[in-house]
Every structure is written in C-alpha cells, then in structure tokens.
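Here is the structure we will look at.
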Amino acid sequence: MASITSIAEYYAGKNVMITGATGFMGKVLVEKLLRSCPEVKALYILVRPKAGQSMEQRVSDMIKCKLFDRVREDNPDFHQKIFPISSELMEPGLAISPEDVEKLSACIHIIFHCAATIRFDEPLKLALRLNVIGTQQLLSLAHQMHHLEAFIHYSTAYANCNRKHIDEVIYPPPIEPQKLIESLEWMDDSMVRDITPGLIGERPNTYTYTKALAEYVVQQQQDKLNIGIIRPSIVGASWQEPFPGWIDNFNGPSGVFIAAGKGILRTMRANNDAVADLIPVDVVINLTLAAGWYTAVHRPKTALVYNCTTGGINPFHWGEIEYHVMSSFKRNPLEQAFRRPNANITSNYLIYQYWILVSHKVPALLYDFFLRLTGKKPQMMRIFNRLHKAIDLLEYFSAQDWDWKSDNMSMLLKQLTPDDKKTFNFDVRQLNWPEYIDNYCIGTKKYVLNEDMADIPLARQHLRKLRNIRYTFNTLLIIFIWRIFIARSEMAQNIWYFVVSLCFKFLSYFRASSTLTN
C-alpha cells in the first residue's frame with residue numbers, strides 16, 4: 001500500500017462508511033468523494049430515521065440539491081453508489097440491524113465519523129450521548145470490520161479552547177469519560193443542569209467539552225485502529241468546490257451574515273483585532289480525504305491530529321470581515337431588507353448595550369407596534385431575542401485569539417503529488433479573503449435564502465428607498481428636537497435667529513451678485 005501515492009488511486013475500489021452524511025460537511029464529503037474519486041466502489045451512509053420521512057426519501061432529497069450538479073453532469077447514475085443504512089447514534093448498537101452489521105463488517109475499508117450535535121447550548125446529558133457514547137459505539141462497530149484501514153474522526157479546533165496555545169496532540173480529558181457517563185446515568189435533567197457549569201469549567205459550552213472527551217475516547221483505540229483526528233475551526237461556505245460560496249444553513253457565521261445583510265443585526269460584541277478563524281468547508285473535506293489516504297497507507301504509530309485552521313497561516317480579523325460583509329451586501333443586497341446593512345463591531349460592553357437598545361430593541365418595538373395597528377401579529381422582538389441569543393453564544397469565539405499549531409497539516413500537504421495538490425487543495429495560503437467573503441455573502445443569498453440574482457436591481461431600489469426614509473426621519477427628528485430646544489431656551493432662539501438672518505443675507509448677496517453680472 002505504501003506504493004500508492006495518489007489519493008484517488010487509494011479510494012478506487014474502496015467501500016467507505018460515513019456518519020452524519022446528511023449534514024453540511026457530510027454532504028460535501030459525499031459529493032467530493034463521488035466527483036474526485038470516481039472509482040470509489042460504494043458509500044454506506046448512516047441515516048437517522050425522521051418522522052414523516054423515510055430513509056430513502058431523506059437521501060433522495062439530499063442528492064437532488066445543487067451541490068451535486070457537477071457530479072450529475074459527469075455521472076447521472078452516481079446515486080447507485082450510495083447505500084443508506086438505518087442508524088441512530090443514541091440507541092444501543094447504533095440501532096443498526098444485525099444484517100447491516102454483518103454487511104458493513106465484511107466490506108468497509110474506511111470510516112469518516114462526521115455525526116455530532118453542534119448546538120452550543122445542548123443539555124450535557126444529550127451532548128454526551130451523541131458526541132461521546134455515539135463515538136464509543138461506532139468504535140465498537142469498527143473493531144468488527146475485517147478490512148478496516150482507517151478511522152477518521154471529526155473534532156473541533158475549540159475542543160481545548162481553555163488553552164491559548166493548542167498543539168496537534170490529544171490533551172488529557174477534563175474527566176475520565178466513562179466515569180462521567182456512569183455518574184450522570186442516575187441523575188435527572190435538573191440535577192445535571194445544576195452541575196454542568198462546574199463540570200465544563202473554563203470551556204464555554206457542552207459542545208467543546210464533549211468534543212474533548214470524544215477525542216480521548218478515540219485516542220484509546222489507537223493501538224488497535226489506524227486513527228486520524230480532524231479539528232476544523234469555524235466552518236464556513238465553500239471556497240472553490242464544487243463552486244464558490246456554497247452553503248446550506250444558518251449555523252455559525254452564516255446566520256450572522258444574513259442578519260447583517262437584512263439590516264436586522266446592527267451591532268455585535270467582538271474584538272475587531274481578533275483573528276476570525278473561518279475555514280472553508282471544501283478545505284476541511286480535502287484535508288479529510290488526504291488524511292484518510294495517509295492514515296491508511298502509512299499507518300502512523302499514534303493517532304495524528306490535524307488542526308484545520310487559518311489563523312496561524314493566513315489570518316483575517318473580525319473587523320475586516322465586518323467591512324467586507326457590509327460592502328458585499330451593499331453591492332448585492334438581500335431582498336426585502338428590514339434596514340440598510342450597517343453593522344458595527346465593538347468590544348466595549350456599555351457601547352454594545354447602547355447599540356442593542358437603540359438599533360435593535362427600539363426599532364423592533366416600533367415595528368411590532370405598527371404591526372399591531374395594522375392587525376398583524378408582532379414578530380420583530382421575537383426575532384431579535386433569538387438573534388441576541390445566537391450572537392451571545394458566538395461572543396466567546398469572536399472576542400479572543402488562539403494559537404493553533406498546524407505542522408501535521410503542512411506535513412500532509414508536502415506528501416501530496418502535484419496533481420493531488422490541485423484536486424484536493426487545502427493550502428489556505430492561497431485563500432483570498434475579500435473574494436471569499438464576497439462569494440460567501442452571495443452564497444447565503446443564492447443557496448440559503450434561494451433568492452434570484454436577477455432581482456438584485458429591485459433589491460438595490462429597495463435599499464435606496466430605505467435610505468431616503470432614514471434621511472427623512474432623521475431630518476424631521478432633528479428639527480423636532482431643535483424646535484423643542486428653541487422653545488425652552490432664549491440663547492437657542494438667539495442662535496436660531498442669527499443663523500436664519502445669515503442665510504437671508506447670503507441669499508440677498510447672491511441675488512444681488514447675479515443681477516450685477518447679468
């Protein structure tokens with residue numbers, strides 16, 4: 001196997017199992033495998049049953065989306081390589097039938113474990129069951145596979161965010177996972193909720209906490225399995241593949257960008273000078289497939305960790321993101337914006353609270369009052385409350401910096417052939433941030449909101465209307481306040497009459513000068 005130098009050559013004839021294939025990164029992984037490794041034999045994807053929708057229908061809906069257009073052009077029958085397997089991470093044995101276990105055990109060569117809960121505010125017990133116990137059960141299944149060559153696990157660059165400098169190593173867990181699992185079994189939800197802050201300690205949420213535990217669980221199997229761990233930072237829209245700007249959800253920065261583009265989000269608490277460690281989803285997937293190839297072919301003695309980040313290689317800051325997002329949405333506005341895009345980032349708590357009051361809550365109350373007057377259901381305050389909750393969860397990550405080492409990522413890039421460096425590009429030094437952010441914003445418009453780019457002139461016209469309304473309102477407000485001030489102050493009256501008399505004198509002089517010239 002060491003003679004296999006091409007990534008596509010390695011995956012030829014292989015059976016691959018993917019968890020979380022219907023999620024954002026999972027879909028991109030499926031698409032990339034089918035497009036760039038066309039000789040891959042089969043993809044077995046674990047699919048969770050969903051009320052009112054069969055497993056086959058979920059997969060059918062997934063492959064119909066625009067993401068798979070390029071694969072469809074090359075091979076209209078690509079779906080014949082996809083085999084859904086009914087599964088549930090929170091059930092014993094992953095709820096996989098004995099027949100499917102036998103089938104998977106006999107044929108799978110490589111596992112990509114993408115499934116997880118990514119909700120920051122997930123209750124600890126549920127996050128533990130999904131991210132840790134689910135991983136344990138998948139590892140147990142992996143041990144039954146006769147031809148398994150690599151197990152690639154997705155973690156997060158923030159699993160150890162309680163440290164400022166993060167190496168590509170697996171740190172000792174905050175608690176032994178099995179002891180925690182056994183301790184929480186007999187506790188009810190309210191008891192677990194009460195002790196959660198003490199358990200997670202310096203970490204901001206249950207997501208990063210349980211991901212750190214899952215890393216340790218995976219590491220414990222490195223003597224028996226060939227393991228690789230991918231730690232992406234904040235995963236965003238695609239950079240190049242299958243086309244620039246593809247995104248299909250409101251998670252992470254996408255929802256913030258859309259709220260800013262709609263003119264709903266006007267302020268956010270962040271450090272302008274802090275590095276915004278965004279990583280394009282196609283970079284993560286290309287690194288994943290390269291890591292799968294390297295892990296299977298070279299079989300490292302210990303689990304290799306890949307910090308898939310940009311901050312230490314090609315940094316971009318939150319202040320720069322704010323500028324380019326606003327600029328992009330002014331050129332290519334979203335339809336029916338609430339206000340003109342104009343968000344400000346501040347790290348000062350008092351200034352942030354002031355702008356929340358003036359730019360968020362007051363306009364929301366006024367708009368809801370207008371809706372009530374017109375017989376409609378008020379909704380804007382509810383939208384703002386949800387937005388504030390979302391940006392509060394992100395504040396921890398937007399207010400500070402981390403230093404991630406990425407030696408393994410650099411090492412892996414050097415192992416690739418020139419052709420593979422093009423086909424499976426994860427060299428973030430080549431990333432042009434202004435162009436990427438522009439494509440990202442357009443992607444939210446086209447693929448998340450499903451807006452037609454042909455309607456941009458109408459959207460621009462709507463922004464001009466909002467601008468005129470704003471100017472008119474501000475002018476009337478200034479006049480109103482000034483008139484009240486004049487009525488109560490003799491000094492203000494004298495200043496007002498002086499300014500008016502100066503204006504009349506200037507006009508008289510201008511008229512007289514014009515008459516003499518003629």
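Ordering of the structure tokens sets the chain letters (A, B, ...), residue numbers begin anew at 1 in every chain, and ligands are numbered from 1 in the order given.
Using only C-alpha atoms, the residues found no farther than 10 Å from A:Tyr171, other than those of its own chain fewer than 5 positions away, are Ala159, Asn160, Ile166, Ala212, Leu213, Glu215 and Tyr216 of chain A.
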| task | Pull the helix (DSSP H, G or I) assignments for stretch 193-292 of chain A out of DSSP run on the backbone, and list those residues as a PyMOL selection string. | result | chain A and resi 193-200+206-219+253-261+281-292
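Atom pair atom CA of A:Lys41 / atom CA of A:Val16 has a distance of 8.1 Å (rounded to one decimal).
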| Taking only C-alpha atoms into account, which of A:Lys262, A:His113, A:Arg129, A:Lys330 comes nearest A:Met25? | A:His113
| request: Excluding A:Cys308 and any residue of its chain fewer than 6 positions from it, enumerate the residues within 8 Å of it, using only C-alpha atoms, and give them as a ChimeraX atom specification. | output: /A:157,230-233,279,284,287,406,409
For the selection you just gave me, I'd like the residues written to a file as an mmCIF file, in the first residue's frame, keeping N, CA, C and O atoms.
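Result went into again.cif, see below:
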```
data_model
loop_
_atom_site.group_PDB
_atom_site.id
_atom_site.type_symbol
_atom_site.label_atom_id
_atom_site.label_comp_id
_atom_site.auth_asym_id
_atom_site.auth_seq_id
_atom_site.Cartn_x
_atom_site.Cartn_y
_atom_site.Cartn_z
ATOM 1 N N ALA A 157 -11.486 22.505 16.505
ATOM 2 C CA ALA A 157 -10.290 23.226 16.961
ATOM 3 C C ALA A 157 -10.508 23.841 18.344
ATOM 4 O O ALA A 157 -9.549 24.176 19.034
ATOM 5 N N ILE A 230 -9.501 15.146 12.784
ATOM 6 C CA ILE A 230 -9.542 16.451 12.099
ATOM 7 C C ILE A 230 -10.180 17.467 13.040
ATOM 8 O O ILE A 230 -11.284 17.243 13.547
ATOM 9 N N ARG A 231 -9.478 18.594 13.253
ATOM 10 C CA ARG A 231 -10.005 19.656 14.120
ATOM 11 C C ARG A 231 -10.240 20.938 13.302
ATOM 12 O O ARG A 231 -9.380 21.818 13.248
ATOM 13 N N PRO A 232 -11.381 21.085 12.654
ATOM 14 C CA PRO A 232 -11.657 22.345 11.952
ATOM 15 C C PRO A 232 -12.056 23.447 12.924
ATOM 16 O O PRO A 232 -12.587 23.173 14.004
ATOM 17 N N SER A 233 -11.800 24.689 12.542
ATOM 18 C CA SER A 233 -12.239 25.825 13.360
ATOM 19 C C SER A 233 -13.682 26.172 12.983
ATOM 20 O O SER A 233 -14.534 25.288 12.968
ATOM 21 N N ILE A 279 -12.825 28.618 8.299
ATOM 22 C CA ILE A 279 -12.195 27.633 7.419
ATOM 23 C C ILE A 279 -13.252 27.181 6.400
ATOM 24 O O ILE A 279 -14.339 26.747 6.787
ATOM 25 N N VAL A 284 -11.722 21.712 4.547
ATOM 26 C CA VAL A 284 -11.836 20.660 5.561
ATOM 27 C C VAL A 284 -11.996 19.297 4.889
ATOM 28 O O VAL A 284 -11.342 18.318 5.277
ATOM 29 N N LEU A 287 -8.757 18.088 3.137
ATOM 30 C CA LEU A 287 -7.826 17.615 4.162
ATOM 31 C C LEU A 287 -8.267 16.254 4.706
ATOM 32 O O LEU A 287 -7.447 15.362 4.927
ATOM 33 N N SER A 406 -0.046 23.895 13.217
ATOM 34 C CA SER A 406 -0.603 23.151 12.085
ATOM 35 C C SER A 406 0.503 22.407 11.338
ATOM 36 O O SER A 406 0.505 22.351 10.110
ATOM 37 N N MET A 409 -0.777 19.407 9.281
ATOM 38 C CA MET A 409 -1.446 19.877 8.066
ATOM 39 C C MET A 409 -0.406 20.220 6.992
ATOM 40 O O MET A 409 -0.562 19.854 5.814
#
```
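Atom to atom, atom CA of A:Tyr497 and atom CA of A:Trp482 stand 12.8 Å apart.
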| Using only C-alpha atoms, which residues sit within 9 Å of A:Arg340 once same-chain residues fewer than 2 positions away are excluded, as an NGL selection string? | :A and (260-264 or 330 or 333 or 337-338 or 342 or 463-464 or 466-467)
Selection from above, N, CA, C and O atoms, as a PDB file, in the first residue's frame, can you write it?
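Result saved to out14.pdb:
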```pdb
ATOM      1  N   ALA A 260     -27.085  40.507   9.226  1.00  0.00           N
ATOM      2  CA  ALA A 260     -26.462  41.802   8.907  1.00  0.00           C
ATOM      3  C   ALA A 260     -26.910  42.278   7.533  1.00  0.00           C
ATOM      4  O   ALA A 260     -27.198  43.477   7.335  1.00  0.00           O
ATOM      5  N   GLY A 261     -26.977  41.373   6.556  1.00  0.00           N
ATOM      6  CA  GLY A 261     -27.402  41.739   5.204  1.00  0.00           C
ATOM      7  C   GLY A 261     -28.841  42.202   5.148  1.00  0.00           C
ATOM      8  O   GLY A 261     -29.197  43.066   4.336  1.00  0.00           O
ATOM      9  N   LYS A 262     -29.683  41.652   6.011  1.00  0.00           N
ATOM     10  CA  LYS A 262     -31.092  42.057   6.074  1.00  0.00           C
ATOM     11  C   LYS A 262     -31.281  43.360   6.850  1.00  0.00           C
ATOM     12  O   LYS A 262     -32.393  43.898   6.903  1.00  0.00           O
ATOM     13  N   GLY A 263     -30.184  43.847   7.465  1.00  0.00           N
ATOM     14  CA  GLY A 263     -30.285  45.074   8.243  1.00  0.00           C
ATOM     15  C   GLY A 263     -30.871  44.855   9.623  1.00  0.00           C
ATOM     16  O   GLY A 263     -31.207  45.807  10.323  1.00  0.00           O
ATOM     17  N   ILE A 264     -31.000  43.594  10.034  1.00  0.00           N
ATOM     18  CA  ILE A 264     -31.529  43.279  11.362  1.00  0.00           C
ATOM     19  C   ILE A 264     -30.423  43.388  12.400  1.00  0.00           C
ATOM     20  O   ILE A 264     -30.579  44.046  13.433  1.00  0.00           O
ATOM     21  N   LYS A 330     -24.068  45.564   0.277  1.00  0.00           N
ATOM     22  CA  LYS A 330     -24.497  46.826  -0.331  1.00  0.00           C
ATOM     23  C   LYS A 330     -24.429  46.737  -1.851  1.00  0.00           C
ATOM     24  O   LYS A 330     -25.232  47.343  -2.557  1.00  0.00           O
ATOM     25  N   PRO A 333     -27.464  43.325  -2.560  1.00  0.00           N
ATOM     26  CA  PRO A 333     -28.332  43.295  -1.371  1.00  0.00           C
ATOM     27  C   PRO A 333     -29.297  42.108  -1.358  1.00  0.00           C
ATOM     28  O   PRO A 333     -29.668  41.566  -2.403  1.00  0.00           O
ATOM     29  N   ALA A 337     -34.961  43.844   2.627  1.00  0.00           N
ATOM     30  CA  ALA A 337     -34.185  44.131   3.835  1.00  0.00           C
ATOM     31  C   ALA A 337     -35.006  44.958   4.816  1.00  0.00           C
ATOM     32  O   ALA A 337     -35.816  45.808   4.416  1.00  0.00           O
ATOM     33  N   PHE A 338     -34.817  44.718   6.108  1.00  0.00           N
ATOM     34  CA  PHE A 338     -35.518  45.474   7.150  1.00  0.00           C
ATOM     35  C   PHE A 338     -34.956  46.889   7.242  1.00  0.00           C
ATOM     36  O   PHE A 338     -35.694  47.861   7.389  1.00  0.00           O
ATOM     37  N   ASN A 342     -25.655  47.873   7.904  1.00  0.00           N
ATOM     38  CA  ASN A 342     -24.743  48.824   8.554  1.00  0.00           C
ATOM     39  C   ASN A 342     -24.454  48.347   9.973  1.00  0.00           C
ATOM     40  O   ASN A 342     -24.923  48.918  10.945  1.00  0.00           O
ATOM     41  N   LEU A 463     -33.196  49.293  -1.139  1.00  0.00           N
ATOM     42  CA  LEU A 463     -32.220  49.901  -0.227  1.00  0.00           C
ATOM     43  C   LEU A 463     -32.225  51.418  -0.355  1.00  0.00           C
ATOM     44  O   LEU A 463     -32.097  52.139   0.636  1.00  0.00           O
ATOM     45  N   ARG A 464     -32.355  51.909  -1.592  1.00  0.00           N
ATOM     46  CA  ARG A 464     -32.407  53.379  -1.791  1.00  0.00           C
ATOM     47  C   ARG A 464     -33.643  53.970  -1.112  1.00  0.00           C
ATOM     48  O   ARG A 464     -33.581  55.054  -0.516  1.00  0.00           O
ATOM     49  N   LEU A 466     -35.126  52.709   1.540  1.00  0.00           N
ATOM     50  CA  LEU A 466     -34.849  52.687   2.977  1.00  0.00           C
ATOM     51  C   LEU A 466     -33.916  53.824   3.377  1.00  0.00           C
ATOM     52  O   LEU A 466     -34.073  54.429   4.445  1.00  0.00           O
ATOM     53  N   ARG A 467     -32.940  54.121   2.496  1.00  0.00           N
ATOM     54  CA  ARG A 467     -32.021  55.231   2.771  1.00  0.00           C
ATOM     55  C   ARG A 467     -32.780  56.550   2.825  1.00  0.00           C
ATOM     56  O   ARG A 467     -32.572  57.380   3.726  1.00  0.00           O
TER      57      ARG A 467
END
```
